[in-house]
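K.L.:
Enclosed is the structure file model.cif (mmCIF, C-alpha atoms).
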data_final
#
loop_
_atom_site.group_PDB
_atom_site.id
_atom_site.type_symbol
_atom_site.label_atom_id
_atom_site.label_comp_id
_atom_site.auth_asym_id
_atom_site.auth_seq_id
_atom_site.Cartn_x
_atom_site.Cartn_y
_atom_site.Cartn_z
ATOM 1 C CA MET X 1 0.000 0.000 0.000
ATOM 2 C CA ARG X 2 1.640 3.212 -1.093
ATOM 3 C CA ASP X 3 1.953 5.893 1.529
ATOM 4 C CA GLN X 4 0.053 8.868 0.177
ATOM 5 C CA ARG X 5 1.758 11.384 2.397
ATOM 6 C CA GLY X 6 5.160 10.066 1.346
ATOM 7 C CA ASP X 7 4.187 10.400 -2.299
ATOM 8 C CA GLU X 8 2.925 13.903 -1.703
ATOM 9 C CA ARG X 9 6.158 14.846 0.002
ATOM 10 C CA ARG X 10 8.213 13.413 -2.826
ATOM 11 C CA ARG X 11 6.104 15.225 -5.403
ATOM 12 C CA ARG X 12 6.570 18.499 -3.574
ATOM 13 C CA PHE X 13 10.308 17.935 -3.312
ATOM 14 C CA GLU X 14 10.576 17.084 -7.015
ATOM 15 C CA GLN X 15 8.666 20.190 -7.919
ATOM 16 C CA GLU X 16 10.593 22.569 -5.683
ATOM 17 C CA ALA X 17 14.085 21.133 -5.486
ATOM 18 C CA LEU X 18 14.786 19.284 -8.736
ATOM 19 C CA PRO X 19 14.769 22.419 -10.914
ATOM 20 C CA HIS X 20 18.006 23.325 -9.147
ATOM 21 C CA VAL X 21 19.961 20.219 -10.100
ATOM 22 C CA ASP X 22 21.828 21.935 -12.916
ATOM 23 C CA THR X 23 22.921 24.953 -10.920
ATOM 24 C CA LEU X 24 24.094 22.731 -8.101
ATOM 25 C CA HIS X 25 25.951 20.577 -10.564
ATOM 26 C CA ARG X 26 27.713 23.620 -11.876
ATOM 27 C CA ALA X 27 28.839 24.570 -8.391
ATOM 28 C CA ALA X 28 29.842 20.964 -7.714
ATOM 29 C CA ILE X 29 32.097 20.964 -10.767
ATOM 30 C CA ARG X 30 33.879 24.095 -9.525
ATOM 31 C CA LEU X 31 34.289 22.517 -6.124
ATOM 32 C CA THR X 32 35.415 18.997 -6.969
ATOM 33 C CA ARG X 33 37.117 19.814 -10.288
ATOM 34 C CA ASN X 34 36.030 16.363 -11.419
ATOM 35 C CA ALA X 35 32.933 15.327 -13.372
ATOM 36 C CA THR X 36 32.387 11.995 -11.632
ATOM 37 C CA ASP X 37 32.748 13.411 -8.150
ATOM 38 C CA ALA X 38 30.522 16.322 -9.074
ATOM 39 C CA SER X 39 27.746 14.010 -10.194
ATOM 40 C CA ASP X 40 28.065 11.889 -7.049
ATOM 41 C CA LEU X 41 28.167 14.966 -4.864
ATOM 42 C CA VAL X 42 24.982 16.372 -6.364
ATOM 43 C CA GLN X 43 23.146 13.070 -6.045
ATOM 44 C CA GLU X 44 24.140 12.740 -2.435
ATOM 45 C CA THR X 45 23.170 16.342 -1.795
ATOM 46 C CA PHE X 46 19.666 15.792 -3.091
ATOM 47 C CA LEU X 47 19.237 12.605 -1.115
ATOM 48 C CA ARG X 48 20.251 14.414 2.045
ATOM 49 C CA ALA X 49 18.023 17.325 1.159
ATOM 50 C CA PHE X 50 15.106 14.964 0.681
ATOM 51 C CA ALA X 51 15.786 13.316 4.008
ATOM 52 C CA GLY X 52 15.791 16.716 5.690
ATOM 53 C CA PHE X 53 12.973 18.218 3.668
ATOM 54 C CA ASP X 54 10.731 18.555 6.695
ATOM 55 C CA GLN X 55 13.248 20.989 8.108
ATOM 56 C CA PHE X 56 13.018 23.241 5.096
ATOM 57 C CA GLN X 57 10.878 26.283 5.733
ATOM 58 C CA GLU X 58 8.302 26.780 2.982
ATOM 59 C CA GLY X 59 8.708 30.083 1.249
ATOM 60 C CA THR X 60 12.359 30.553 2.115
ATOM 61 C CA ASN X 61 15.161 30.408 -0.411
ATOM 62 C CA ILE X 62 15.416 26.765 -1.419
ATOM 63 C CA ARG X 63 18.378 27.368 -3.695
ATOM 64 C CA ALA X 64 20.412 28.714 -0.785
ATOM 65 C CA TRP X 65 19.239 25.822 1.390
ATOM 66 C CA LEU X 66 20.355 23.290 -1.222
ATOM 67 C CA HIS X 67 23.694 25.054 -1.609
ATOM 68 C CA ARG X 68 24.240 24.822 2.084
ATOM 69 C CA ILE X 69 23.681 21.096 2.016
ATOM 70 C CA LEU X 70 25.995 20.859 -0.989
ATOM 71 C CA MET X 71 28.745 22.667 0.910
ATOM 72 C CA ASN X 72 28.346 20.536 4.013
ATOM 73 C CA THR X 73 28.305 17.342 1.969
ATOM 74 C CA TYR X 74 31.341 18.446 0.025
ATOM 75 C CA ILE X 75 33.271 19.252 3.190
ATOM 76 C CA SER X 76 32.348 16.049 4.975
ATOM 77 C CA ALA X 77 32.674 13.625 2.098
ATOM 78 C CA TYR X 78 34.634 14.980 -0.829
ATOM 79 C CA ARG X 79 37.143 17.489 0.250
ATOM 80 C CA LYS X 80 39.554 14.891 1.573
ATOM 81 C CA ARG X 81 39.466 13.020 -1.713
ATOM 82 C CA GLN X 82 40.853 15.895 -3.685
ATOM 83 C CA ARG X 83 44.316 15.526 -4.946
ATOM 84 C CA GLU X 84 46.588 18.289 -3.782
ATOM 85 C CA VAL X 85 46.536 21.104 -6.259
ATOM 86 C CA LYS X 86 48.792 24.063 -6.045
ATOM 87 C CA THR X 87 46.768 27.065 -5.057
ATOM 88 C CA VAL X 88 47.765 30.689 -5.293
ATOM 89 C CA SER X 89 48.697 32.576 -2.189
ATOM 90 C CA VAL X 90 45.850 34.825 -1.228
ATOM 91 C CA ASP X 91 47.805 37.013 1.147
ATOM 92 C CA GLU X 92 50.145 38.199 -1.565
ATOM 93 C CA SER X 93 47.226 39.415 -3.565
ATOM 94 C CA GLU X 94 45.500 41.638 -1.086
ATOM 95 C CA ASP X 95 46.450 44.881 -2.765
ATOM 96 C CA PHE X 96 46.467 43.550 -6.271
ATOM 97 C CA SER X 97 44.513 45.501 -8.791
ATOM 98 C CA LEU X 98 44.170 44.136 -12.299
ATOM 99 C CA TYR X 99 42.942 47.496 -13.456
ATOM 100 C CA ASP X 100 46.077 49.239 -12.238
ATOM 101 C CA MET X 101 48.325 46.531 -13.675
ATOM 102 C CA LEU X 102 46.749 46.974 -17.092
ATOM 103 C CA VAL X 103 47.126 50.723 -16.896
ATOM 104 C CA ASP X 104 50.785 50.314 -15.918
ATOM 105 C CA ALA X 105 51.353 47.939 -18.815
ATOM 106 C CA GLY X 106 50.103 50.635 -21.118
ATOM 107 C CA THR X 107 47.018 48.646 -22.025
ATOM 108 C CA THR X 108 43.605 50.226 -21.935
ATOM 109 C CA PRO X 109 41.938 48.318 -19.138
ATOM 110 C CA GLU X 110 39.000 46.892 -20.874
ATOM 111 C CA ALA X 111 37.377 43.652 -20.002
ATOM 112 C CA ASP X 112 37.289 42.948 -23.750
ATOM 113 C CA LEU X 113 40.920 42.067 -23.352
ATOM 114 C CA LEU X 114 40.121 39.375 -20.865
ATOM 115 C CA ASP X 115 37.222 38.172 -22.942
ATOM 116 C CA ARG X 116 39.904 36.790 -25.207
ATOM 117 C CA LEU X 117 40.940 34.352 -22.517
ATOM 118 C CA PRO X 118 39.377 30.952 -23.098
ATOM 119 C CA ASP X 119 36.669 29.880 -20.671
ATOM 120 C CA ASP X 120 38.895 27.065 -19.448
ATOM 121 C CA GLU X 121 41.562 29.463 -18.304
ATOM 122 C CA VAL X 122 39.165 31.640 -16.377
ATOM 123 C CA LYS X 123 37.721 28.526 -14.738
ATOM 124 C CA ALA X 124 41.241 27.350 -13.957
ATOM 125 C CA ALA X 125 42.002 30.721 -12.386
ATOM 126 C CA LEU X 126 38.974 30.336 -10.135
ATOM 127 C CA GLU X 127 39.958 26.784 -9.316
ATOM 128 C CA SER X 128 43.459 27.881 -8.369
ATOM 129 C CA LEU X 129 42.104 29.787 -5.389
ATOM 130 C CA PRO X 130 42.322 28.166 -1.975
ATOM 131 C CA GLU X 131 39.057 26.487 -1.157
ATOM 132 C CA GLN X 132 37.345 28.964 1.156
ATOM 133 C CA PHE X 133 38.061 31.821 -1.224
ATOM 134 C CA ARG X 134 37.046 29.771 -4.237
ATOM 135 C CA ILE X 135 33.747 28.859 -2.615
ATOM 136 C CA THR X 136 33.005 32.460 -1.653
ATOM 137 C CA VAL X 137 33.792 33.907 -5.086
ATOM 138 C CA LEU X 138 31.820 31.102 -6.706
ATOM 139 C CA LEU X 139 28.756 31.742 -4.572
ATOM 140 C CA ALA X 140 28.921 35.518 -5.075
ATOM 141 C CA ASP X 141 30.064 35.990 -8.650
ATOM 142 C CA VAL X 142 28.864 32.837 -10.375
ATOM 143 C CA GLU X 143 25.816 31.876 -8.349
ATOM 144 C CA GLY X 144 24.775 35.437 -7.471
ATOM 145 C CA PHE X 145 24.034 34.940 -3.789
ATOM 146 C CA ARG X 146 23.819 37.880 -1.370
ATOM 147 C CA TYR X 147 26.416 38.270 1.397
ATOM 148 C CA GLN X 148 23.985 37.096 4.066
ATOM 149 C CA GLU X 149 23.023 34.061 2.001
ATOM 150 C CA ILE X 150 26.681 33.174 1.565
ATOM 151 C CA ALA X 151 27.149 33.548 5.316
ATOM 152 C CA ASP X 152 24.290 31.114 5.867
ATOM 153 C CA ILE X 153 25.532 28.661 3.266
ATOM 154 C CA THR X 154 29.111 28.591 4.522
ATOM 155 C CA GLY X 155 28.316 28.980 8.197
ATOM 156 C CA VAL X 156 30.487 32.031 8.866
ATOM 157 C CA GLU X 157 29.937 35.670 9.853
ATOM 158 C CA ILE X 158 29.049 38.163 7.153
ATOM 159 C CA GLY X 159 32.283 40.060 7.851
ATOM 160 C CA THR X 160 34.245 36.921 7.042
ATOM 161 C CA VAL X 161 32.320 36.557 3.793
ATOM 162 C CA MET X 162 33.207 40.095 2.774
ATOM 163 C CA SER X 163 36.854 39.621 3.661
ATOM 164 C CA ARG X 164 37.113 36.324 1.795
ATOM 165 C CA LEU X 165 35.326 37.800 -1.172
ATOM 166 C CA HIS X 166 37.584 40.806 -1.342
ATOM 167 C CA ARG X 167 40.761 38.760 -1.022
ATOM 168 C CA GLY X 168 39.493 35.986 -3.261
ATOM 169 C CA ARG X 169 38.658 38.430 -6.025
ATOM 170 C CA LYS X 170 42.077 40.028 -5.757
ATOM 171 C CA ALA X 171 43.750 36.633 -5.975
ATOM 172 C CA LEU X 172 41.601 35.802 -8.970
ATOM 173 C CA GLN X 173 42.651 39.044 -10.623
ATOM 174 C CA ARG X 174 46.275 38.151 -10.027
ATOM 175 C CA ALA X 175 45.745 34.714 -11.575
ATOM 176 C CA LEU X 176 44.060 36.294 -14.607
ATOM 177 C CA TRP X 177 46.905 38.742 -14.958
ATOM 178 C CA GLU X 178 49.388 35.873 -15.019
ATOM 179 C CA TYR X 179 47.413 34.092 -17.714
ATOM 180 C CA ALA X 180 47.119 37.264 -19.757
ATOM 181 C CA ARG X 181 50.853 37.780 -19.540
ATOM 182 C CA ARG X 182 51.616 34.195 -20.523
ATOM 183 C CA ARG X 183 49.338 34.529 -23.510
ATOM 184 C CA GLY X 184 51.008 37.699 -24.576
ATOM 185 C CA LEU X 185 47.803 39.670 -24.220
ATOM 186 C CA VAL X 186 49.631 42.299 -22.247
ATOM 187 C CA ARG X 187 53.094 43.681 -22.572
ATOM 188 C CA GLN X 188 55.268 42.359 -19.828
ATOM 189 C CA ALA X 189 56.179 45.174 -17.487
ATOM 190 C CA GLU X 190 59.922 45.745 -17.201
ATOM 191 C CA PRO X 191 61.116 43.524 -14.351
ATOM 192 C CA TRP X 192 62.753 46.409 -12.532
ATOM 193 C CA LYS X 193 59.569 48.403 -12.594
ATOM 194 C CA THR X 194 57.351 47.959 -9.568
ATOM 195 C CA PRO X 195 53.635 48.621 -10.046
ATOM 196 C CA ARG X 196 52.690 52.177 -9.321
ATOM 197 C CA ARG X 197 50.874 52.277 -6.016
ATOM 198 C CA SER X 198 48.436 54.993 -6.742
ATOM 199 C CA ALA X 199 46.327 56.631 -4.124
ATOM 200 C CA LYS X 200 43.379 55.357 -6.076
ATOM 201 C CA GLN X 201 44.142 51.691 -5.380
ATOM 202 C CA SER X 202 41.425 50.213 -3.244
ATOM 203 C CA MET D 1 39.687 70.497 -5.811
ATOM 204 C CA GLU D 2 41.600 69.249 -2.794
ATOM 205 C CA ASN D 3 38.829 66.920 -1.807
ATOM 206 C CA THR D 4 38.842 64.953 -5.015
ATOM 207 C CA GLU D 5 41.447 62.348 -4.155
ATOM 208 C CA THR D 6 39.975 61.643 -0.735
ATOM 209 C CA GLU D 7 36.585 61.492 -2.327
ATOM 210 C CA CYS D 8 37.834 58.988 -4.912
ATOM 211 C CA GLN D 9 39.388 56.937 -2.136
ATOM 212 C CA ALA D 10 36.139 56.904 -0.229
ATOM 213 C CA VAL D 11 34.133 55.910 -3.282
ATOM 214 C CA LEU D 12 36.618 53.225 -4.298
ATOM 215 C CA SER D 13 36.462 51.690 -0.858
ATOM 216 C CA ARG D 14 32.798 51.003 -1.570
ATOM 217 C CA LEU D 15 33.427 49.521 -4.984
ATOM 218 C CA TYR D 16 32.544 45.929 -4.234
ATOM 219 C CA ALA D 17 29.673 46.681 -1.897
ATOM 220 C CA TYR D 18 28.244 48.906 -4.625
ATOM 221 C CA LEU D 19 28.714 46.385 -7.442
ATOM 222 C CA ASP D 20 27.329 43.609 -5.263
ATOM 223 C CA GLY D 21 24.243 45.656 -4.529
ATOM 224 C CA GLU D 22 24.967 45.514 -0.826
ATOM 225 C CA ILE D 23 25.056 49.211 0.073
ATOM 226 C CA ALA D 24 22.233 51.415 1.249
ATOM 227 C CA GLU D 25 20.325 53.421 -1.325
ATOM 228 C CA GLY D 26 21.635 56.704 0.010
ATOM 229 C CA ASP D 27 25.235 55.516 -0.281
ATOM 230 C CA ALA D 28 24.597 54.167 -3.760
ATOM 231 C CA ALA D 29 23.234 57.544 -4.806
ATOM 232 C CA GLU D 30 26.366 59.235 -3.480
ATOM 233 C CA VAL D 31 28.537 56.860 -5.464
ATOM 234 C CA ASP D 32 26.458 57.472 -8.585
ATOM 235 C CA ARG D 33 26.864 61.213 -8.168
ATOM 236 C CA HIS D 34 30.635 60.875 -7.897
ATOM 237 C CA LEU D 35 30.823 58.563 -10.905
ATOM 238 C CA GLU D 36 28.922 61.081 -12.983
ATOM 239 C CA MET D 37 31.613 63.636 -12.302
ATOM 240 C CA CYS D 38 34.770 61.542 -12.086
ATOM 241 C CA VAL D 39 35.909 59.860 -15.279
ATOM 242 C CA GLN D 40 38.713 57.930 -13.585
ATOM 243 C CA CYS D 41 36.454 56.295 -11.061
ATOM 244 C CA ALA D 42 33.772 55.703 -13.660
ATOM 245 C CA ARG D 43 36.281 53.820 -15.797
ATOM 246 C CA ARG D 44 37.470 51.790 -12.855
ATOM 247 C CA PHE D 45 33.943 50.903 -11.802
ATOM 248 C CA GLY D 46 33.022 50.014 -15.354
ATOM 249 C CA PHE D 47 35.998 47.705 -15.622
ATOM 250 C CA GLU D 48 35.306 45.937 -12.341
ATOM 251 C CA ARG D 49 31.646 45.546 -13.244
ATOM 252 C CA GLU D 50 32.536 43.996 -16.584
ATOM 253 C CA LEU D 51 35.123 41.756 -14.969
ATOM 254 C CA LYS D 52 32.580 40.445 -12.509
ATOM 255 C CA GLU D 53 30.167 39.770 -15.332
ATOM 256 C CA LEU D 54 32.910 38.076 -17.341
ATOM 257 C CA ILE D 55 33.760 35.698 -14.514
ATOM 258 C CA ARG D 56 30.117 34.769 -14.152
ATOM 259 C CA ARG D 57 29.727 34.160 -17.854
ATOM 260 C CA LYS D 58 32.888 32.109 -18.252
ATOM 261 C CA CYS D 59 32.454 30.010 -15.133
ATOM 262 C CA GLU D 60 28.740 29.538 -15.453
ATOM 263 C CA GLU D 61 28.866 26.717 -17.890
ATOM 264 C CA GLY D 62 29.402 23.432 -16.275
ATOM 265 C CA ILE D 63 29.988 20.146 -17.955
ATOM 266 C CA SER D 64 26.495 19.319 -19.083
ATOM 267 C CA SER D 65 24.691 16.671 -17.094
ATOM 268 C CA PRO D 66 21.537 16.004 -19.038
ATOM 269 C CA GLY D 67 20.605 12.790 -17.267
ATOM 270 C CA LEU D 68 21.395 13.889 -13.754
ATOM 271 C CA THR D 69 17.930 15.122 -12.841
ATOM 272 C CA ASP D 70 16.442 11.841 -14.034
ATOM 273 C CA ILE D 71 18.964 9.827 -12.061
ATOM 274 C CA ILE D 72 18.080 11.750 -8.942
ATOM 275 C CA ARG D 73 14.369 11.393 -9.540
ATOM 276 C CA GLU D 74 14.783 7.646 -9.893
ATOM 277 C CA ARG D 75 16.822 7.410 -6.721
ATOM 278 C CA LEU D 76 14.227 9.374 -4.796
ATOM 279 C CA ARG D 77 11.499 7.041 -6.006
ATOM 280 C CA GLY D 78 13.550 4.077 -4.925
ATOM 281 C CA ILE D 79 13.533 5.247 -1.333
ATOM 282 C CA ALA D 80 11.066 3.316 0.778
ATOM 283 C CA GLU D 81 8.992 5.700 2.855
#
Would you mind writing the structure in this file as C-alpha cells?

P.N.:
Amino acid sequence: MRDQRGDERRRRFEQEALPHVDTLHRAAIRLTRNATDASDLVQETFLRAFAGFDQFQEGTNIRAWLHRILMNTYISAYRKRQREVKTVSVDESEDFSLYDMLVDAGTTPEADLLDRLPDDEVKAALESLPEQFRITVLLADVEGFRYQEIADITGVEIGTVMSRLHRGRKALQRALWEYARRRGLVRQAEPWKTPRRSAKQS
Amino acid sequence: MENTETECQAVLSRLYAYLDGEIAEGDAAEVDRHLEMCVQCARRFGFERELKELIRRKCEEGISSPGLTDIIRERLRGIAE
C-alpha cells in the first residue's frame, strides 16, 4: 500500500528542489574539479536534502538551502578526496589591482581584453584559489548569492564573507593577470619596474 | 579640488559593496553622483563591473549533465517511505 503522504512529500520535493539540479551541478564541478565526483556529490546532496525536507521552511530560499547542504556534503565527504593542487597565495594578492596593472602595462583596461581568454583558463584561475576563497567567489560571482546568504551557506559571519570575497577576487585578478601575460595579451612590465601604487588603489 | 582624491578613495572603498548591490540606497546615490563627475572612477567601476560579469559568464557553464535530474528522480522514487 503506497503511503500517500510520502508520495505527496516526494512530489513536492521534485517540484521545488529538482529544478536546481543543474545549478548545483555547476557549483559541484567548480568545487570537486572532477565530473564523476561532481555528479556523485549532487546526487548525495539531493538525497540528504530529501531526508531533511521537513526541516526546510516553505517560502524561504530553497536554492540557498540546497547550496548549504551541498557545501556541508562536500566538506564532509569529498574534500579529503581531492588531490593536492597548487593554489595561489591569497595574502600576496591583497592589494592587487588588475585594473592598475593593465594601466601600468600601457594597455587600456578593458574587459574585452580578458574576454579573449578561453573559458577554461578563467575557470582554472577560479579553481586555483584556496578552497574557502574559491567557494566564496563562486557563490557571489557565479551563483549570485547575497552576502547574508553566503554567510548562511558557509556557516560564517558576514564580515568573514566580505573579507574572503575581497581577497578571493584580488587573488583571482592576479591569476588572470598571469594568464594574460603568458598569452602575450599584455606587454610584460619591465622587471625592474614595480607597479605604481596609486592613491586610487582600493 | 583638494577633496577629489579623498573622495575617490572613499568611493573606491565602496566599490565591491556597490557592485554587489549591498550598500544602502543613500550611499549608492552618493557613489552614482561621484561617478557622474569623475571619469577615472567611472572607468574603474566600469571595468570591475565587466570583470565580474565576465567571470560569471565564463564560469557559469558546467559540464552538461543532461541525465542527472532523471537519475536523482529515480533514486528518490527508490527510497522506501

K.L.:
Provide as a ChimeraX atom specification the residues of chain D at most 10 Å from chain X, counting all atoms listed in the file.

P.N.:
/D:5-17,20-22,40-41,43-66,68-73,75-77,79-81

K.L.:
Please produce an output containing C-alpha atoms for each residue in the selection, written as a PDB file, keeping the file's coordinate frame.

P.N.:
ATOM      1  CA  GLU D   5      41.447  62.348  -4.155  1.00  0.00           C
ATOM      2  CA  THR D   6      39.975  61.643  -0.735  1.00  0.00           C
ATOM      3  CA  GLU D   7      36.585  61.492  -2.327  1.00  0.00           C
ATOM      4  CA  CYS D   8      37.834  58.988  -4.912  1.00  0.00           C
ATOM      5  CA  GLN D   9      39.388  56.937  -2.136  1.00  0.00           C
ATOM      6  CA  ALA D  10      36.139  56.904  -0.229  1.00  0.00           C
ATOM      7  CA  VAL D  11      34.133  55.910  -3.282  1.00  0.00           C
ATOM      8  CA  LEU D  12      36.618  53.225  -4.298  1.00  0.00           C
ATOM      9  CA  SER D  13      36.462  51.690  -0.858  1.00  0.00           C
ATOM     10  CA  ARG D  14      32.798  51.003  -1.570  1.00  0.00           C
ATOM     11  CA  LEU D  15      33.427  49.521  -4.984  1.00  0.00           C
ATOM     12  CA  TYR D  16      32.544  45.929  -4.234  1.00  0.00           C
ATOM     13  CA  ALA D  17      29.673  46.681  -1.897  1.00  0.00           C
ATOM     14  CA  ASP D  20      27.329  43.609  -5.263  1.00  0.00           C
ATOM     15  CA  GLY D  21      24.243  45.656  -4.529  1.00  0.00           C
ATOM     16  CA  GLU D  22      24.967  45.514  -0.826  1.00  0.00           C
ATOM     17  CA  GLN D  40      38.713  57.930 -13.585  1.00  0.00           C
ATOM     18  CA  CYS D  41      36.454  56.295 -11.061  1.00  0.00           C
ATOM     19  CA  ARG D  43      36.281  53.820 -15.797  1.00  0.00           C
ATOM     20  CA  ARG D  44      37.470  51.790 -12.855  1.00  0.00           C
ATOM     21  CA  PHE D  45      33.943  50.903 -11.802  1.00  0.00           C
ATOM     22  CA  GLY D  46      33.022  50.014 -15.354  1.00  0.00           C
ATOM     23  CA  PHE D  47      35.998  47.705 -15.622  1.00  0.00           C
ATOM     24  CA  GLU D  48      35.306  45.937 -12.341  1.00  0.00           C
ATOM     25  CA  ARG D  49      31.646  45.546 -13.244  1.00  0.00           C
ATOM     26  CA  GLU D  50      32.536  43.996 -16.584  1.00  0.00           C
ATOM     27  CA  LEU D  51      35.123  41.756 -14.969  1.00  0.00           C
ATOM     28  CA  LYS D  52      32.580  40.445 -12.509  1.00  0.00           C
ATOM     29  CA  GLU D  53      30.167  39.770 -15.332  1.00  0.00           C
ATOM     30  CA  LEU D  54      32.910  38.076 -17.341  1.00  0.00           C
ATOM     31  CA  ILE D  55      33.760  35.698 -14.514  1.00  0.00           C
ATOM     32  CA  ARG D  56      30.117  34.769 -14.152  1.00  0.00           C
ATOM     33  CA  ARG D  57      29.727  34.160 -17.854  1.00  0.00           C
ATOM     34  CA  LYS D  58      32.888  32.109 -18.252  1.00  0.00           C
ATOM     35  CA  CYS D  59      32.454  30.010 -15.133  1.00  0.00           C
ATOM     36  CA  GLU D  60      28.740  29.538 -15.453  1.00  0.00           C
ATOM     37  CA  GLU D  61      28.866  26.717 -17.890  1.00  0.00           C
ATOM     38  CA  GLY D  62      29.402  23.432 -16.275  1.00  0.00           C
ATOM     39  CA  ILE D  63      29.988  20.146 -17.955  1.00  0.00           C
ATOM     40  CA  SER D  64      26.495  19.319 -19.083  1.00  0.00           C
ATOM     41  CA  SER D  65      24.691  16.671 -17.094  1.00  0.00           C
ATOM     42  CA  PRO D  66      21.537  16.004 -19.038  1.00  0.00           C
ATOM     43  CA  LEU D  68      21.395  13.889 -13.754  1.00  0.00           C
ATOM     44  CA  THR D  69      17.930  15.122 -12.841  1.00  0.00           C
ATOM     45  CA  ASP D  70      16.442  11.841 -14.034  1.00  0.00           C
ATOM     46  CA  ILE D  71      18.964   9.827 -12.061  1.00  0.00           C
ATOM     47  CA  ILE D  72      18.080  11.750  -8.942  1.00  0.00           C
ATOM     48  CA  ARG D  73      14.369  11.393  -9.540  1.00  0.00           C
ATOM     49  CA  ARG D  75      16.822   7.410  -6.721  1.00  0.00           C
ATOM     50  CA  LEU D  76      14.227   9.374  -4.796  1.00  0.00           C
ATOM     51  CA  ARG D  77      11.499   7.041  -6.006  1.00  0.00           C
ATOM     52  CA  ILE D  79      13.533   5.247  -1.333  1.00  0.00           C
ATOM     53  CA  ALA D  80      11.066   3.316   0.778  1.00  0.00           C
ATOM     54  CA  GLU D  81       8.992   5.700   2.855  1.00  0.00           C
TER      55      GLU D  81
END

K.L.:
In Å, rounded to a single decimal, give me how far atom CA of X:Leu41 is from atom CA of X:Leu70.

P.N.:
7.4 Å

K.L.:
Between atom CA of X:Gly159 and atom CA of X:Thr60, what is the spacing in Å?

P.N.:
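Interatomic distance here is 22.8 Å.
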
K.L.:
One decimal, Å: what's the distance from atom CA of X:Arg167 over to atom CA of X:Leu31, could you say?

P.N.:
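Atom CA of X:Leu31 lies 18.2 Å from atom CA of X:Arg167.
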
K.L.:
Name all residues at most 12 Å from X:Trp65 (count all atoms listed in the file; drop same-chain ones fewer than 2 positions away) and give them as a PyMOL selection string.

P.N.:
chain X and resi 16-17+20+24+45-46+48-50+52-53+55-63+67-72+145+149-155

K.L.:
Using the chain letters and numbering of this document, enumerate as a PyMOL selection string the residues selected by the PyMOL selection byres ((chain X and resi 132) around 10).

P.N.:
chain X and resi 129-131+133-138+154+161+164-165+168

K.L.:
Can you take the partial stretch 2-14 of chain D, add N, CA, C and O atoms, and return it as an mmCIF file, in the coordinates of the input?

P.N.:
data_model
loop_
_atom_site.group_PDB
_atom_site.id
_atom_site.type_symbol
_atom_site.label_atom_id
_atom_site.label_comp_id
_atom_site.auth_asym_id
_atom_site.auth_seq_id
_atom_site.Cartn_x
_atom_site.Cartn_y
_atom_site.Cartn_z
ATOM 1 N N GLU D 2 40.793 70.080 -3.709
ATOM 2 C CA GLU D 2 41.600 69.249 -2.794
ATOM 3 C C GLU D 2 40.880 67.980 -2.406
ATOM 4 O O GLU D 2 41.496 66.987 -2.104
ATOM 5 N N ASN D 3 39.577 68.069 -2.320
ATOM 6 C CA ASN D 3 38.829 66.920 -1.807
ATOM 7 C C ASN D 3 38.804 65.740 -2.751
ATOM 8 O O ASN D 3 38.517 64.641 -2.346
ATOM 9 N N THR D 4 39.086 65.978 -3.999
ATOM 10 C CA THR D 4 38.842 64.953 -5.015
ATOM 11 C C THR D 4 39.473 63.611 -4.706
ATOM 12 O O THR D 4 38.823 62.586 -4.794
ATOM 13 N N GLU D 5 40.783 63.636 -4.350
ATOM 14 C CA GLU D 5 41.447 62.348 -4.155
ATOM 15 C C GLU D 5 40.874 61.584 -2.969
ATOM 16 O O GLU D 5 40.713 60.370 -3.038
ATOM 17 N N THR D 6 40.566 62.305 -1.893
ATOM 18 C CA THR D 6 39.975 61.643 -0.735
ATOM 19 C C THR D 6 38.603 61.110 -1.099
ATOM 20 O O THR D 6 38.204 60.027 -0.658
ATOM 21 N N GLU D 7 37.914 61.917 -1.903
ATOM 22 C CA GLU D 7 36.585 61.492 -2.327
ATOM 23 C C GLU D 7 36.681 60.225 -3.159
ATOM 24 O O GLU D 7 35.918 59.284 -2.959
ATOM 25 N N CYS D 8 37.643 60.184 -4.090
ATOM 26 C CA CYS D 8 37.834 58.988 -4.912
ATOM 27 C C CYS D 8 38.163 57.782 -4.038
ATOM 28 O O CYS D 8 37.650 56.694 -4.262
ATOM 29 N N GLN D 9 39.036 58.012 -3.070
ATOM 30 C CA GLN D 9 39.388 56.937 -2.136
ATOM 31 C C GLN D 9 38.154 56.376 -1.452
ATOM 32 O O GLN D 9 37.958 55.166 -1.368
ATOM 33 N N ALA D 10 37.337 57.310 -0.959
ATOM 34 C CA ALA D 10 36.139 56.904 -0.229
ATOM 35 C C ALA D 10 35.197 56.120 -1.127
ATOM 36 O O ALA D 10 34.642 55.092 -0.734
ATOM 37 N N VAL D 11 35.033 56.587 -2.339
ATOM 38 C CA VAL D 11 34.133 55.910 -3.282
ATOM 39 C C VAL D 11 34.690 54.541 -3.656
ATOM 40 O O VAL D 11 33.975 53.546 -3.687
ATOM 41 N N LEU D 12 35.983 54.494 -3.924
ATOM 42 C CA LEU D 12 36.618 53.225 -4.298
ATOM 43 C C LEU D 12 36.519 52.176 -3.200
ATOM 44 O O LEU D 12 36.454 50.984 -3.465
ATOM 45 N N SER D 13 36.539 52.639 -1.960
ATOM 46 C CA SER D 13 36.462 51.690 -0.858
ATOM 47 C C SER D 13 35.091 51.014 -0.818
ATOM 48 O O SER D 13 34.916 49.986 -0.184
ATOM 49 N N ARG D 14 34.133 51.597 -1.539
ATOM 50 C CA ARG D 14 32.798 51.003 -1.570
ATOM 51 C C ARG D 14 32.539 50.250 -2.859
ATOM 52 O O ARG D 14 31.417 49.811 -3.129
#
